[in-house]
>>> print(open('entry-v9.json').read())   # JSON, C-alpha atoms
[["chain", "number", "residue", "atom", "x", "y", "z"],
["X", 1056, "MET", "CA", 68.82, 66.55, -52.36],
["X", 1057, "SER", "CA", 71.08, 67.15, -49.43],
["X", 1058, "GLU", "CA", 68.14, 67.12, -47.02],
["X", 1059, "ASP", "CA", 67.02, 63.81, -48.43],
["X", 1060, "LEU", "CA", 70.49, 62.29, -47.98],
["X", 1061, "GLU", "CA", 70.72, 63.60, -44.45],
["X", 1062, "SER", "CA", 67.38, 62.12, -43.45],
["X", 1063, "ARG", "CA", 68.27, 58.80, -44.99],
["X", 1064, "LEU", "CA", 71.59, 58.70, -43.08],
["X", 1065, "ARG", "CA", 69.87, 59.57, -39.82],
["X", 1066, "ALA", "CA", 67.39, 56.81, -40.39],
["X", 1067, "ALA", "CA", 70.16, 54.31, -41.11],
["X", 1068, "LEU", "CA", 72.35, 55.31, -38.11],
["X", 1069, "ARG", "CA", 69.64, 55.61, -35.53],
["X", 1070, "PRO", "CA", 70.24, 53.68, -32.31],
["X", 1071, "VAL", "CA", 68.57, 50.32, -32.32],
["X", 1072, "ALA", "CA", 68.22, 48.09, -29.26],
["X", 1073, "PRO", "CA", 70.02, 44.71, -29.68],
["X", 1074, "GLY", "CA", 67.98, 41.58, -29.89],
["X", 1075, "ASP", "CA", 67.66, 39.06, -27.07],
["X", 1076, "GLU", "CA", 69.63, 36.47, -28.97],
["X", 1077, "PHE", "CA", 72.63, 38.77, -29.37],
["X", 1078, "THR", "CA", 72.59, 39.71, -25.68],
["X", 1079, "GLN", "CA", 72.53, 36.09, -24.57],
["X", 1080, "LYS", "CA", 75.41, 35.17, -26.87],
["X", 1081, "LEU", "CA", 77.49, 38.04, -25.55],
["X", 1082, "ILE", "CA", 76.83, 37.16, -21.90],
["X", 1083, "ALA", "CA", 77.69, 33.51, -22.56],
["X", 1084, "ARG", "CA", 80.97, 34.45, -24.22],
["X", 1085, "VAL", "CA", 82.02, 36.77, -21.40],
["X", 1086, "ALA", "CA", 81.20, 34.09, -18.84],
["X", 1087, "ALA", "CA", 83.24, 31.51, -20.80],
["X", 1088, "ASP", "CA", 86.26, 33.84, -20.96],
["X", 1089, "ARG", "CA", 86.12, 34.41, -17.21],
["X", 1090, "ARG", "CA", 86.21, 30.65, -16.50],
["X", 1091, "SER", "CA", 89.44, 30.08, -18.49],
["X", 1092, "PRO", "CA", 91.49, 33.27, -18.40],
["X", 1093, "SER", "CA", 94.90, 31.48, -19.07],
["X", 1094, "LYS", "CA", 93.77, 30.14, -22.39],
["X", 1095, "ALA", "CA", 95.00, 33.17, -24.17],
["X", 1096, "PRO", "CA", 95.67, 32.36, -27.80],
["X", 1097, "SER", "CA", 99.12, 33.94, -27.60],
["X", 1098, "ALA", "CA", 100.31, 31.56, -24.82],
["X", 1099, "ARG", "CA", 99.21, 28.36, -26.52],
["X", 1100, "GLY", "CA", 101.99, 26.14, -28.01],
["X", 1101, "ARG", "CA", 104.90, 28.07, -26.56],
["X", 1102, "SER", "CA", 105.50, 26.17, -23.22],
["X", 1103, "PRO", "CA", 104.75, 22.55, -22.21],
["X", 1104, "LYS", "CA", 101.63, 21.79, -20.25],
["X", 1105, "PRO", "CA", 102.20, 22.00, -16.48],
["X", 1106, "THR", "CA", 101.29, 18.34, -16.05],
["X", 1107, "THR", "CA", 104.08, 17.28, -18.48],
["X", 1108, "TRP", "CA", 106.63, 19.46, -16.67],
["X", 1109, "TRP", "CA", 105.72, 18.04, -13.29],
["X", 1110, "LEU", "CA", 105.84, 14.49, -14.61],
["X", 1111, "SER", "CA", 109.36, 14.97, -16.03],
["X", 1112, "ALA", "CA", 110.58, 16.66, -12.88],
["X", 1113, "SER", "CA", 109.17, 13.99, -10.59],
["X", 1114, "MET", "CA", 110.64, 11.21, -12.75],
["X", 1115, "ALA", "CA", 114.09, 12.83, -12.66],
["X", 1116, "ALA", "CA", 113.82, 13.31, -8.90],
["X", 1117, "SER", "CA", 112.74, 9.68, -8.46],
["X", 1118, "LEU", "CA", 115.74, 8.48, -10.48],
["X", 1119, "LEU", "CA", 118.10, 10.60, -8.40],
["X", 1120, "VAL", "CA", 116.60, 9.33, -5.15],
["X", 1121, "ALA", "CA", 116.77, 5.70, -6.38],
["X", 1122, "ALA", "CA", 120.44, 6.12, -7.39],
["X", 1123, "GLY", "CA", 121.23, 7.67, -4.02],
["X", 1124, "ILE", "CA", 119.52, 4.86, -2.12],
["X", 1125, "GLN", "CA", 121.29, 2.22, -4.25],
["X", 1126, "HIS", "CA", 124.65, 3.86, -3.53],
["X", 1127, "GLN", "CA", 123.93, 3.99, 0.19],
["X", 1128, "VAL", "CA", 122.80, 0.34, 0.30],
["X", 1129, "GLN", "CA", 125.94, -0.74, -1.58],
["X", 1130, "GLU", "CA", 128.15, 1.30, 0.73],
["X", 1131, "ARG", "CA", 126.45, -0.15, 3.80],
["X", 1132, "ARG", "CA", 126.84, -3.72, 2.49],
["X", 1133, "GLU", "CA", 130.53, -3.15, 1.76],
["X", 1134, "ARG", "CA", 131.02, -1.71, 5.23],
["X", 1135, "GLU", "CA", 129.25, -4.69, 6.81],
["X", 1136, "ARG", "CA", 131.42, -7.12, 4.81],
["X", 1137, "GLY", "CA", 134.56, -5.20, 5.76],
["X", 1138, "LEU", "CA", 133.67, -5.18, 9.44],
["X", 1139, "GLU", "CA", 132.81, -8.89, 9.30],
["X", 1140, "ALA", "CA", 136.19, -9.60, 7.62],
["X", 1141, "ARG", "CA", 137.93, -7.53, 10.29],
["X", 1142, "ARG", "CA", 136.13, -9.45, 13.03],
["X", 1143, "GLU", "CA", 137.15, -12.76, 11.40],
["X", 1144, "VAL", "CA", 140.80, -11.68, 11.12],
["X", 1145, "ILE", "CA", 140.88, -10.79, 14.81],
["X", 1146, "GLU", "CA", 139.12, -14.06, 15.71],
["X", 1147, "ALA", "CA", 141.59, -16.05, 13.56],
["X", 1148, "LEU", "CA", 144.55, -14.37, 15.28],
["X", 1149, "ARG", "CA", 142.95, -14.98, 18.68],
["X", 1150, "VAL", "CA", 142.55, -18.71, 17.96],
["X", 1151, "THR", "CA", 146.12, -18.86, 16.62],
["X", 1152, "SER", "CA", 147.46, -17.10, 19.70],
["X", 1153, "GLN", "CA", 145.55, -19.51, 21.98],
["X", 1154, "LYS", "CA", 147.20, -22.48, 20.32],
["X", 1155, "LEU", "CA", 150.61, -20.83, 20.38],
["X", 1156, "GLU", "CA", 150.06, -20.31, 24.09],
["X", 1157, "LEU", "CA", 149.31, -24.03, 24.38],
["X", 1158, "ALA", "CA", 152.59, -24.86, 22.66],
["X", 1159, "TYR", "CA", 154.40, -22.35, 24.83],
["X", 1160, "GLU", "CA", 152.96, -23.85, 28.01],
["X", 1161, "ALA", "CA", 154.03, -27.32, 26.86],
["X", 1162, "ILE", "CA", 157.56, -26.09, 26.14],
["X", 1163, "LYS", "CA", 157.69, -24.27, 29.46],
["X", 1164, "SER", "CA", 156.43, -27.23, 31.49],
["X", 1165, "GLN", "CA", 158.89, -29.50, 29.67],
["X", 1166, "SER", "CA", 161.75, -27.60, 31.22],
["X", 1167, "SER", "CA", 160.25, -27.98, 34.70],
["X", 1168, "SER", "CA", 159.12, -31.63, 34.47],
["X", 1169, "PRO", "CA", 160.54, -33.40, 31.39],
["X", 1170, "ALA", "CA", 158.70, -36.64, 32.16],
["X", 1171, "ASP", "CA", 155.28, -35.15, 31.48],
["X", 1172, "ASP", "CA", 155.88, -33.48, 28.18],
["X", 1173, "ALA", "CA", 157.81, -33.96, 25.04],
["X", 1174, "SER", "CA", 158.53, -31.17, 22.66],
["X", 1175, "GLY", "CA", 160.81, -30.36, 19.81],
["X", 1176, "VAL", "CA", 161.62, -26.91, 18.55],
["U", 1162, "MET", "CA", 161.34, -22.49, -35.87],
["U", 1163, "ARG", "CA", 163.63, -23.20, -32.93],
["U", 1164, "SER", "CA", 162.16, -20.33, -30.94],
["U", 1165, "CYS", "CA", 158.66, -21.63, -31.71],
["U", 1166, "SER", "CA", 159.62, -25.04, -30.35],
["U", 1167, "LEU", "CA", 161.04, -23.47, -27.21],
["U", 1168, "ARG", "CA", 157.89, -21.43, -26.68],
["U", 1169, "LEU", "CA", 155.75, -24.54, -27.14],
["U", 1170, "LEU", "CA", 157.92, -26.46, -24.67],
["U", 1171, "PHE", "CA", 157.69, -23.60, -22.18],
["U", 1172, "ALA", "CA", 153.91, -23.40, -22.60],
["U", 1173, "LEU", "CA", 153.63, -27.13, -21.94],
["U", 1174, "LEU", "CA", 155.96, -27.10, -18.98],
["U", 1175, "THR", "CA", 154.60, -24.02, -17.19],
["U", 1176, "PRO", "CA", 151.42, -25.67, -15.85],
["U", 1177, "ALA", "CA", 153.39, -28.73, -14.86],
["U", 1178, "LEU", "CA", 155.93, -26.59, -12.98],
["U", 1179, "ALA", "CA", 153.15, -24.65, -11.29],
["U", 1180, "TRP", "CA", 151.53, -27.91, -10.24],
["U", 1181, "ALA", "CA", 154.83, -29.22, -8.93],
["U", 1182, "ALA", "CA", 155.57, -26.04, -6.91],
["U", 1183, "PRO", "CA", 154.79, -26.49, -3.20],
["U", 1184, "ASN", "CA", 151.45, -24.99, -2.29],
["U", 1185, "PRO", "CA", 151.21, -23.44, 1.16],
["U", 1186, "ARG", "CA", 147.41, -23.62, 1.09],
["U", 1187, "LEU", "CA", 146.05, -26.77, 2.65],
["U", 1188, "VAL", "CA", 142.92, -28.45, 1.35],
["U", 1189, "LEU", "CA", 140.81, -28.40, 4.48],
["U", 1190, "PRO", "CA", 138.02, -30.99, 4.55],
["U", 1191, "GLU", "CA", 134.44, -29.90, 5.14],
["U", 1192, "PHE", "CA", 134.36, -31.43, 8.62],
["U", 1193, "SER", "CA", 130.56, -31.25, 8.42],
["U", 1194, "ALA", "CA", 130.17, -34.28, 10.70],
["U", 1195, "LEU", "CA", 132.44, -32.64, 13.28],
["U", 1196, "ALA", "CA", 130.57, -29.37, 13.03],
["U", 1197, "GLN", "CA", 127.30, -31.16, 13.81],
["U", 1198, "LYS", "CA", 128.76, -32.89, 16.85],
["U", 1199, "ALA", "CA", 130.67, -29.86, 18.14],
["U", 1200, "THR", "CA", 129.27, -27.58, 20.81],
["U", 1201, "GLU", "CA", 131.29, -24.72, 19.35],
["U", 1202, "SER", "CA", 132.82, -24.39, 15.95],
["U", 1203, "VAL", "CA", 134.89, -21.69, 14.28],
["U", 1204, "THR", "CA", 135.13, -21.68, 10.51],
["U", 1205, "ILE", "CA", 137.09, -18.81, 9.04],
["U", 1206, "THR", "CA", 137.95, -18.56, 5.37],
["U", 1207, "LEU", "CA", 139.64, -15.32, 4.41],
["U", 1208, "ASP", "CA", 141.13, -15.04, 0.94],
["U", 1209, "ALA", "CA", 143.33, -12.19, -0.33],
["U", 1210, "ALA", "CA", 140.36, -10.00, -1.28],
["U", 1211, "LEU", "CA", 138.72, -10.35, 2.13],
["U", 1212, "LEU", "CA", 142.01, -9.72, 3.91],
["U", 1213, "ALA", "CA", 142.45, -6.52, 1.89],
["U", 1214, "MET", "CA", 138.91, -5.49, 2.78],
["U", 1215, "ALA", "CA", 139.51, -6.23, 6.47],
["U", 1216, "GLY", "CA", 142.70, -4.17, 6.30],
["U", 1217, "ARG", "CA", 140.71, -1.12, 5.22],
["U", 1218, "PHE", "CA", 138.64, -1.35, 8.38],
["U", 1219, "LEU", "CA", 141.59, -1.59, 10.75],
["U", 1220, "ASP", "CA", 142.39, 1.60, 12.57],
["U", 1221, "GLY", "CA", 146.08, 2.42, 12.18],
["U", 1222, "SER", "CA", 146.05, 4.59, 15.30],
["U", 1223, "ASP", "CA", 145.00, 1.64, 17.49],
["U", 1224, "PRO", "CA", 148.06, -0.45, 18.51],
["U", 1225, "GLN", "CA", 146.28, -3.80, 18.13],
["U", 1226, "ASP", "CA", 144.80, -2.85, 14.77],
["U", 1227, "ALA", "CA", 148.14, -1.46, 13.61],
["U", 1228, "ALA", "CA", 149.91, -4.72, 14.53],
["U", 1229, "THR", "CA", 147.21, -6.72, 12.75],
["U", 1230, "LYS", "CA", 147.54, -4.50, 9.69],
["U", 1231, "GLU", "CA", 151.27, -5.15, 9.58],
["U", 1232, "ILE", "CA", 150.68, -8.90, 9.81],
["U", 1233, "LEU", "CA", 148.15, -8.83, 6.97],
["U", 1234, "LYS", "CA", 150.61, -7.22, 4.55],
["U", 1235, "GLY", "CA", 151.68, -9.90, 2.09],
["U", 1236, "LEU", "CA", 149.21, -12.50, 3.31],
["U", 1237, "GLN", "CA", 147.05, -14.25, 0.78],
["U", 1238, "GLY", "CA", 144.78, -16.18, 3.07],
["U", 1239, "ILE", "CA", 143.91, -17.21, 6.60],
["U", 1240, "TYR", "CA", 141.92, -20.40, 7.14],
["U", 1241, "VAL", "CA", 140.81, -21.61, 10.56],
["U", 1242, "ARG", "CA", 138.77, -24.64, 11.56],
["U", 1243, "SER", "CA", 138.22, -25.20, 15.26],
["U", 1244, "TYR", "CA", 135.76, -27.56, 16.94],
["U", 1245, "THR", "CA", 135.00, -27.87, 20.64],
["U", 1246, "PHE", "CA", 133.15, -30.89, 22.03],
["U", 1247, "ASP", "CA", 131.36, -31.48, 25.32],
["U", 1248, "ARG", "CA", 133.01, -34.88, 25.81],
["U", 1249, "ASP", "CA", 136.37, -36.47, 25.13],
["U", 1250, "SER", "CA", 137.17, -38.06, 21.77],
["U", 1251, "GLY", "CA", 134.67, -35.99, 19.87],
["U", 1252, "TYR", "CA", 136.79, -36.40, 16.77],
["U", 1253, "GLN", "CA", 138.76, -39.21, 15.15],
["U", 1254, "GLN", "CA", 142.49, -39.33, 14.53],
["U", 1255, "ALA", "CA", 141.62, -39.77, 10.86],
["U", 1256, "ASP", "CA", 140.23, -36.21, 10.82],
["U", 1257, "ILE", "CA", 143.64, -34.89, 11.79],
["U", 1258, "ASP", "CA", 145.54, -37.25, 9.53],
["U", 1259, "ALA", "CA", 143.66, -35.98, 6.47],
["U", 1260, "VAL", "CA", 145.34, -32.63, 7.04],
["U", 1261, "ARG", "CA", 148.61, -33.87, 8.50],
["U", 1262, "ASN", "CA", 149.29, -35.99, 5.41],
["U", 1263, "GLN", "CA", 149.35, -32.83, 3.31],
["U", 1264, "LEU", "CA", 152.13, -31.49, 5.50],
["U", 1265, "ALA", "CA", 154.35, -34.37, 4.48],
["U", 1266, "ALA", "CA", 154.58, -32.79, 1.03],
["U", 1267, "PRO", "CA", 157.87, -31.19, -0.02],
["U", 1268, "GLY", "CA", 158.29, -27.63, 1.16],
["U", 1269, "TRP", "CA", 156.74, -28.09, 4.59],
["U", 1270, "SER", "CA", 158.93, -28.53, 7.62],
["U", 1271, "ARG", "CA", 157.88, -29.01, 11.23],
["U", 1272, "LEU", "CA", 158.96, -26.12, 13.39],
["U", 1273, "VAL", "CA", 157.44, -27.13, 16.71],
["U", 1274, "GLU", "CA", 156.09, -30.40, 18.04],
["U", 1275, "THR", "CA", 154.71, -30.51, 21.56],
["U", 1276, "ARG", "CA", 153.11, -33.46, 23.30],
["U", 1277, "SER", "CA", 151.72, -32.91, 26.77],
["U", 1278, "ARG", "CA", 150.82, -36.03, 28.71],
["U", 1279, "LYS", "CA", 149.39, -33.93, 31.48],
["U", 1280, "SER", "CA", 146.92, -31.91, 29.43],
["U", 1281, "GLN", "CA", 146.86, -34.38, 26.53],
["U", 1282, "ALA", "CA", 147.35, -31.46, 24.22],
["U", 1283, "ASN", "CA", 149.43, -31.84, 21.10],
["U", 1284, "VAL", "CA", 150.49, -28.88, 19.03],
["U", 1285, "ASP", "CA", 152.39, -29.08, 15.77],
["U", 1286, "ILE", "CA", 153.56, -26.01, 13.91],
["U", 1287, "TYR", "CA", 154.70, -26.39, 10.32],
["U", 1288, "ILE", "CA", 156.23, -23.79, 8.08],
["U", 1289, "MET", "CA", 156.85, -23.57, 4.38],
["U", 1290, "VAL", "CA", 159.89, -21.59, 3.34],
["U", 1291, "ALA", "CA", 160.73, -20.51, -0.20],
["U", 1292, "ASN", "CA", 163.70, -18.28, -1.02],
["U", 1293, "ASN", "CA", 164.44, -17.80, 2.66],
["U", 1294, "GLN", "CA", 160.95, -16.37, 3.19],
["U", 1295, "ALA", "CA", 158.13, -18.08, 5.06],
["U", 1296, "THR", "CA", 155.30, -18.54, 2.56],
["U", 1297, "GLY", "CA", 152.95, -20.65, 4.63],
["U", 1298, "LEU", "CA", 152.22, -21.67, 8.19],
["U", 1299, "ALA", "CA", 150.14, -24.55, 9.48],
["U", 1300, "LEU", "CA", 149.17, -25.24, 13.05],
["U", 1301, "ILE", "CA", 147.42, -28.38, 14.25],
["U", 1302, "ALA", "CA", 146.32, -28.48, 17.85],
["U", 1303, "SER", "CA", 144.54, -31.53, 19.21],
["U", 1304, "GLU", "CA", 143.20, -31.65, 22.73],
["U", 1305, "PRO", "CA", 140.76, -34.15, 24.24],
["U", 1306, "ARG", "CA", 137.81, -31.84, 23.60],
["U", 1307, "GLN", "CA", 139.11, -29.51, 20.96],
["U", 1308, "PHE", "CA", 140.58, -29.80, 17.51],
["U", 1309, "THR", "CA", 142.03, -26.78, 15.70],
["U", 1310, "ILE", "CA", 143.71, -26.24, 12.36],
["U", 1311, "VAL", "CA", 145.14, -22.89, 11.29],
["U", 1312, "ASN", "CA", 146.58, -22.32, 7.84],
["U", 1313, "ILE", "CA", 148.15, -18.97, 6.98],
["U", 1314, "VAL", "CA", 149.12, -18.47, 3.34],
["U", 1315, "GLY", "CA", 151.41, -15.78, 2.02],
["U", 1316, "ALA", "CA", 154.65, -14.00, 2.70],
["U", 1317, "ILE", "CA", 154.62, -14.32, 6.46],
["U", 1318, "ASP", "CA", 157.08, -11.93, 7.98],
["U", 1319, "LEU", "CA", 158.07, -13.75, 11.13],
["U", 1320, "ASP", "CA", 159.49, -10.57, 12.61],
["U", 1321, "LYS", "CA", 156.03, -9.06, 12.33],
["U", 1322, "LEU", "CA", 154.51, -12.18, 13.85],
["U", 1323, "HIS", "CA", 156.84, -11.64, 16.77],
["U", 1324, "LYS", "CA", 155.47, -8.10, 17.06],
["U", 1325, "LEU", "CA", 152.10, -9.69, 17.85],
["U", 1326, "GLU", "CA", 153.55, -10.78, 21.16],
["U", 1327, "GLY", "CA", 151.53, -9.06, 23.81],
["U", 1328, "GLN", "CA", 148.63, -8.45, 21.39],
["U", 1329, "PHE", "CA", 145.73, -10.95, 21.47],
["U", 1330, "GLY", "CA", 147.61, -12.70, 24.28],
["U", 1331, "VAL", "CA", 150.22, -14.08, 21.88],
["U", 1332, "PRO", "CA", 152.98, -15.52, 24.05],
["U", 1333, "LYS", "CA", 156.69, -15.04, 23.53],
["U", 1334, "LEU", "CA", 157.83, -18.22, 21.80],
["U", 1335, "ASP", "CA", 161.58, -18.55, 21.74],
["U", 1336, "LEU", "CA", 161.52, -20.30, 18.41],
["U", 1337, "ASP", "CA", 164.50, -20.62, 16.15],
["U", 1338, "LEU", "CA", 162.66, -19.13, 13.21],
["U", 1339, "PRO", "CA", 164.28, -18.71, 9.80],
["U", 1340, "LYS", "CA", 165.11, -15.06, 9.27],
["U", 1341, "ALA", "CA", 163.52, -13.24, 6.41],
["U", 1342, "PRO", "CA", 165.88, -11.73, 3.85],
["U", 1343, "PRO", "CA", 166.93, -8.17, 4.79],
["U", 1344, "SER", "CA", 165.34, -6.71, 1.63],
["U", 1345, "ASN", "CA", 161.89, -7.88, 2.79],
["U", 1346, "THR", "CA", 162.26, -6.78, 6.37],
["U", 1347, "LYS", "CA", 161.38, -3.25, 7.38],
["U", 1348, "LYS", "CA", 162.60, -2.13, 10.74]]
>>> encode(input="entry-v9.json", output="structure tokens")
Amino acid sequence: MSEDLESRLRAALRPVAPGDEFTQKLIARVAADRRSPSKAPSARGRSPKPTTWWLSASMAASLLVAAGIQHQVQERRERERGLEARREVIEALRVTSQKLELAYEAIKSQSSSPADDASGV
Amino acid sequence: MRSCSLRLLFALLTPALAWAAPNPRLVLPEFSALAQKATESVTITLDAALLAMAGRFLDGSDPQDAATKEILKGLQGIYVRSYTFDRDSGYQQADIDAVRNQLAAPGWSRLVETRSRKSQANVDIYIMVANNQATGLALIASEPRQFTIVNIVGAIDLDKLHKLEGQFGVPKLDLDLPKAPPSNTKK
């Protein structure tokens, strides 16, 4: 009885060569795993895709750069307006001083030759 | 009821009083025809905001800038129109009269009037004084080939204007100017 059981077990557990179909499937699977090693099931769903991260980061950086440029342009415009106003103030005072000089010359020449000029202060 | 009537009366009178108050700012014509004929023209319009902006760009450590900064304090506007022509009589007397007529309004008084037969240059300086403080200055200079109007609006401290002497070539004018009240004068 025991000999019969033993022979039956040996027959059932004897090494059998795998079929061609099984071998091909195994090779294909191994090759597929080598091509995409990061697609581990444990990593999926935990962190955003790299493309999404880069998109967000580049958008934020673009906004910062745009705000910086806008600030610089505004500052430069204000500086230009201020310098133009300063130039105009100096020009206005220069014109005023020229005309005051004219009045002064007239007053001065009046004292030397009253017939030529008339002035009232 | 009585207080309501007073408030209503005050509200009605305020604009009228403001209108009646002498205005040191002259209404300067466009002078577009003169600008076209002129070989050189200077048009400067600086209101209080622009004067404040200019003041921020004046260097206090530079003597000329510091003097200018002092002058600008209290000013509300500087308006200049100046036209130079390449021949005599480039402008009409009517151009000057349009501005001069405004100076006949109450509040303005002529400080200086010069007529030079030799150079044919006439300079009139008008000043508006309120509460013993100069609040406006107008200068009209007419020469054969040049016509200039300067209008300075605001609390002009004449002592500070005197400090400009030597800066920008401003001459020493021995004018009998009204003195500003001591409270407004910093020495």
>>> closest_atom_pairs(input="entry-v9.json", of="chain X", to="chain U", cutoff="10 Å", atoms="all atoms listed in the file", output="CSV")
residue,atom,partner,partner_atom,distance
X:Glu1133,CA,U:Met1214,CA,8.8
X:Arg1134,CA,U:Phe1218,CA,8.3
X:Arg1136,CA,U:Met1214,CA,7.9
X:Gly1137,CA,U:Ala1215,CA,5.1
X:Leu1138,CA,U:Phe1218,CA,6.4
X:Glu1139,CA,U:Ala1215,CA,7.7
X:Ala1140,CA,U:Ala1215,CA,4.9
X:Arg1141,CA,U:Ala1215,CA,4.3
X:Arg1142,CA,U:Ala1215,CA,8.1
X:Glu1143,CA,U:Ile1205,CA,6.5
X:Val1144,CA,U:Ala1215,CA,7.3
X:Ile1145,CA,U:Thr1229,CA,7.8
X:Glu1146,CA,U:Ile1205,CA,8.4
X:Ala1147,CA,U:Val1241,CA,6.4
X:Leu1148,CA,U:Phe1329,CA,7.2
X:Arg1149,CA,U:Phe1329,CA,5.6
X:Val1150,CA,U:Val1241,CA,8.1
X:Thr1151,CA,U:Val1311,CA,6.8
X:Ser1152,CA,U:Val1331,CA,4.6
X:Gln1153,CA,U:Val1331,CA,7.2
X:Lys1154,CA,U:Ala1302,CA,6.5
X:Leu1155,CA,U:Pro1332,CA,6.9
X:Glu1156,CA,U:Pro1332,CA,5.6
X:Leu1157,CA,U:Val1284,CA,7.3
X:Ala1158,CA,U:Val1284,CA,5.8
X:Tyr1159,CA,U:Leu1334,CA,6.2
X:Glu1160,CA,U:Pro1332,CA,9.2
X:Ala1161,CA,U:Ser1277,CA,6.0
X:Ile1162,CA,U:Thr1275,CA,7.0
X:Lys1163,CA,U:Leu1334,CA,9.8
X:Ser1164,CA,U:Ser1277,CA,8.8
X:Gln1165,CA,U:Ser1277,CA,8.5
X:Pro1169,CA,U:Ser1277,CA,10.0
X:Ala1170,CA,U:Arg1278,CA,8.6
X:Asp1171,CA,U:Arg1278,CA,5.3
X:Asp1172,CA,U:Ser1277,CA,4.4
X:Ala1173,CA,U:Arg1276,CA,5.0
X:Ser1174,CA,U:Thr1275,CA,4.0
X:Gly1175,CA,U:Glu1274,CA,5.0
X:Val1176,CA,U:Val1273,CA,4.6
>>> closest_residue(input="entry-v9.json", among="U:Ser1222, U:Thr1245, U:Ser1202, U:Thr1296", to="Arg1186 in chain U", atoms="all atoms listed in the file")
U:Thr1296
>>> atom_distance(input="entry-v9.json", atom1="CA of Gly1221 in chain U", atom2="CA of Gln1129 in chain X")
24.6 Å
>>> residues_near_point(input="entry-v9.json", point="(154.2, -26.2, 3.2)", cutoff="9 Å", atoms="only C-alpha atoms", output="tab-separated table (two decimals) with C-alpha atoms, keeping the file's coordinate frame")
chain	number	residue	atom	x	y	z
U	1183	PRO	CA	154.79	-26.49	-3.20
U	1184	ASN	CA	151.45	-24.99	-2.29
U	1185	PRO	CA	151.21	-23.44	1.16
U	1186	ARG	CA	147.41	-23.62	1.09
U	1187	LEU	CA	146.05	-26.77	2.65
U	1263	GLN	CA	149.35	-32.83	3.31
U	1264	LEU	CA	152.13	-31.49	5.50
U	1265	ALA	CA	154.35	-34.37	4.48
U	1266	ALA	CA	154.58	-32.79	1.03
U	1267	PRO	CA	157.87	-31.19	-0.02
U	1268	GLY	CA	158.29	-27.63	1.16
U	1269	TRP	CA	156.74	-28.09	4.59
U	1270	SER	CA	158.93	-28.53	7.62
U	1287	TYR	CA	154.70	-26.39	10.32
U	1288	ILE	CA	156.23	-23.79	8.08
U	1289	MET	CA	156.85	-23.57	4.38
U	1290	VAL	CA	159.89	-21.59	3.34
U	1296	THR	CA	155.30	-18.54	2.56
U	1297	GLY	CA	152.95	-20.65	4.63
U	1298	LEU	CA	152.22	-21.67	8.19
U	1299	ALA	CA	150.14	-24.55	9.48
>>> atom_distance(input="entry-v9.json", atom1="CA of Pro1224 in chain U", atom2="CA of Asp1318 in chain U")
18.0 Å
>>> closest_residue(input="entry-v9.json", among="U:Ala1199, U:Ala1209, U:Ala1291, U:Ala1227", to="Asp1249 in chain U", atoms="only C-alpha atoms")
U:Ala1199
>>> atom_distance(input="entry-v9.json", atom1="CA of Asn1292 in chain U", atom2="CA of Gln1237 in chain U")
17.2 Å
>>> residues_around(input="entry-v9.json", residues="Ala1194 in chain U", least_positions_apart="5", cutoff="12 Å", atoms="all atoms listed in the file", output="list in words")
Ala1199, Ser1202, Tyr1244, Gly1251, Tyr1252, Gln1253 and Asp1256 of chain U
>>> axis_aligned_box(input="entry-v9.json", around="range 1312-1318 of chain U", padding_each_side="5 Å", output="AutoDock Vina command-line options")
--center_x 151.8 --center_y -17.1 --center_z 5.0 --size_x 20.5 --size_y 20.4 --size_z 16.0
>>> decode(input="entry-v9.json", residues="range 1141-1147 of chain X", atoms="N, CA, C and O atoms", output="compact mmCIF listing (two decimals), in the first residue's frame")
# COMPACT_ATOMS: atom_id res chain seq x y z
N ARG X 1141 11.90 117.01 -13.01
CA ARG X 1141 13.05 117.74 -12.45
C ARG X 1141 13.68 118.63 -13.52
O ARG X 1141 13.99 119.80 -13.26
N ARG X 1142 13.83 118.08 -14.72
CA ARG X 1142 14.42 118.85 -15.82
C ARG X 1142 13.55 120.06 -16.13
O ARG X 1142 14.04 121.16 -16.37
N GLU X 1143 12.21 119.85 -16.12
CA GLU X 1143 11.28 120.94 -16.42
C GLU X 1143 11.33 122.03 -15.34
O GLU X 1143 11.22 123.21 -15.65
N VAL X 1144 11.43 121.61 -14.09
CA VAL X 1144 11.52 122.59 -12.99
C VAL X 1144 12.76 123.47 -13.18
O VAL X 1144 12.69 124.70 -13.08
N ILE X 1145 13.87 122.82 -13.48
CA ILE X 1145 15.13 123.57 -13.66
C ILE X 1145 15.03 124.49 -14.88
O ILE X 1145 15.46 125.64 -14.83
N GLU X 1146 14.40 123.98 -15.94
CA GLU X 1146 14.22 124.80 -17.16
C GLU X 1146 13.31 126.00 -16.86
O GLU X 1146 13.59 127.12 -17.29
N ALA X 1147 12.23 125.76 -16.10
CA ALA X 1147 11.30 126.84 -15.75
C ALA X 1147 12.02 127.92 -14.93
O ALA X 1147 11.84 129.12 -15.17
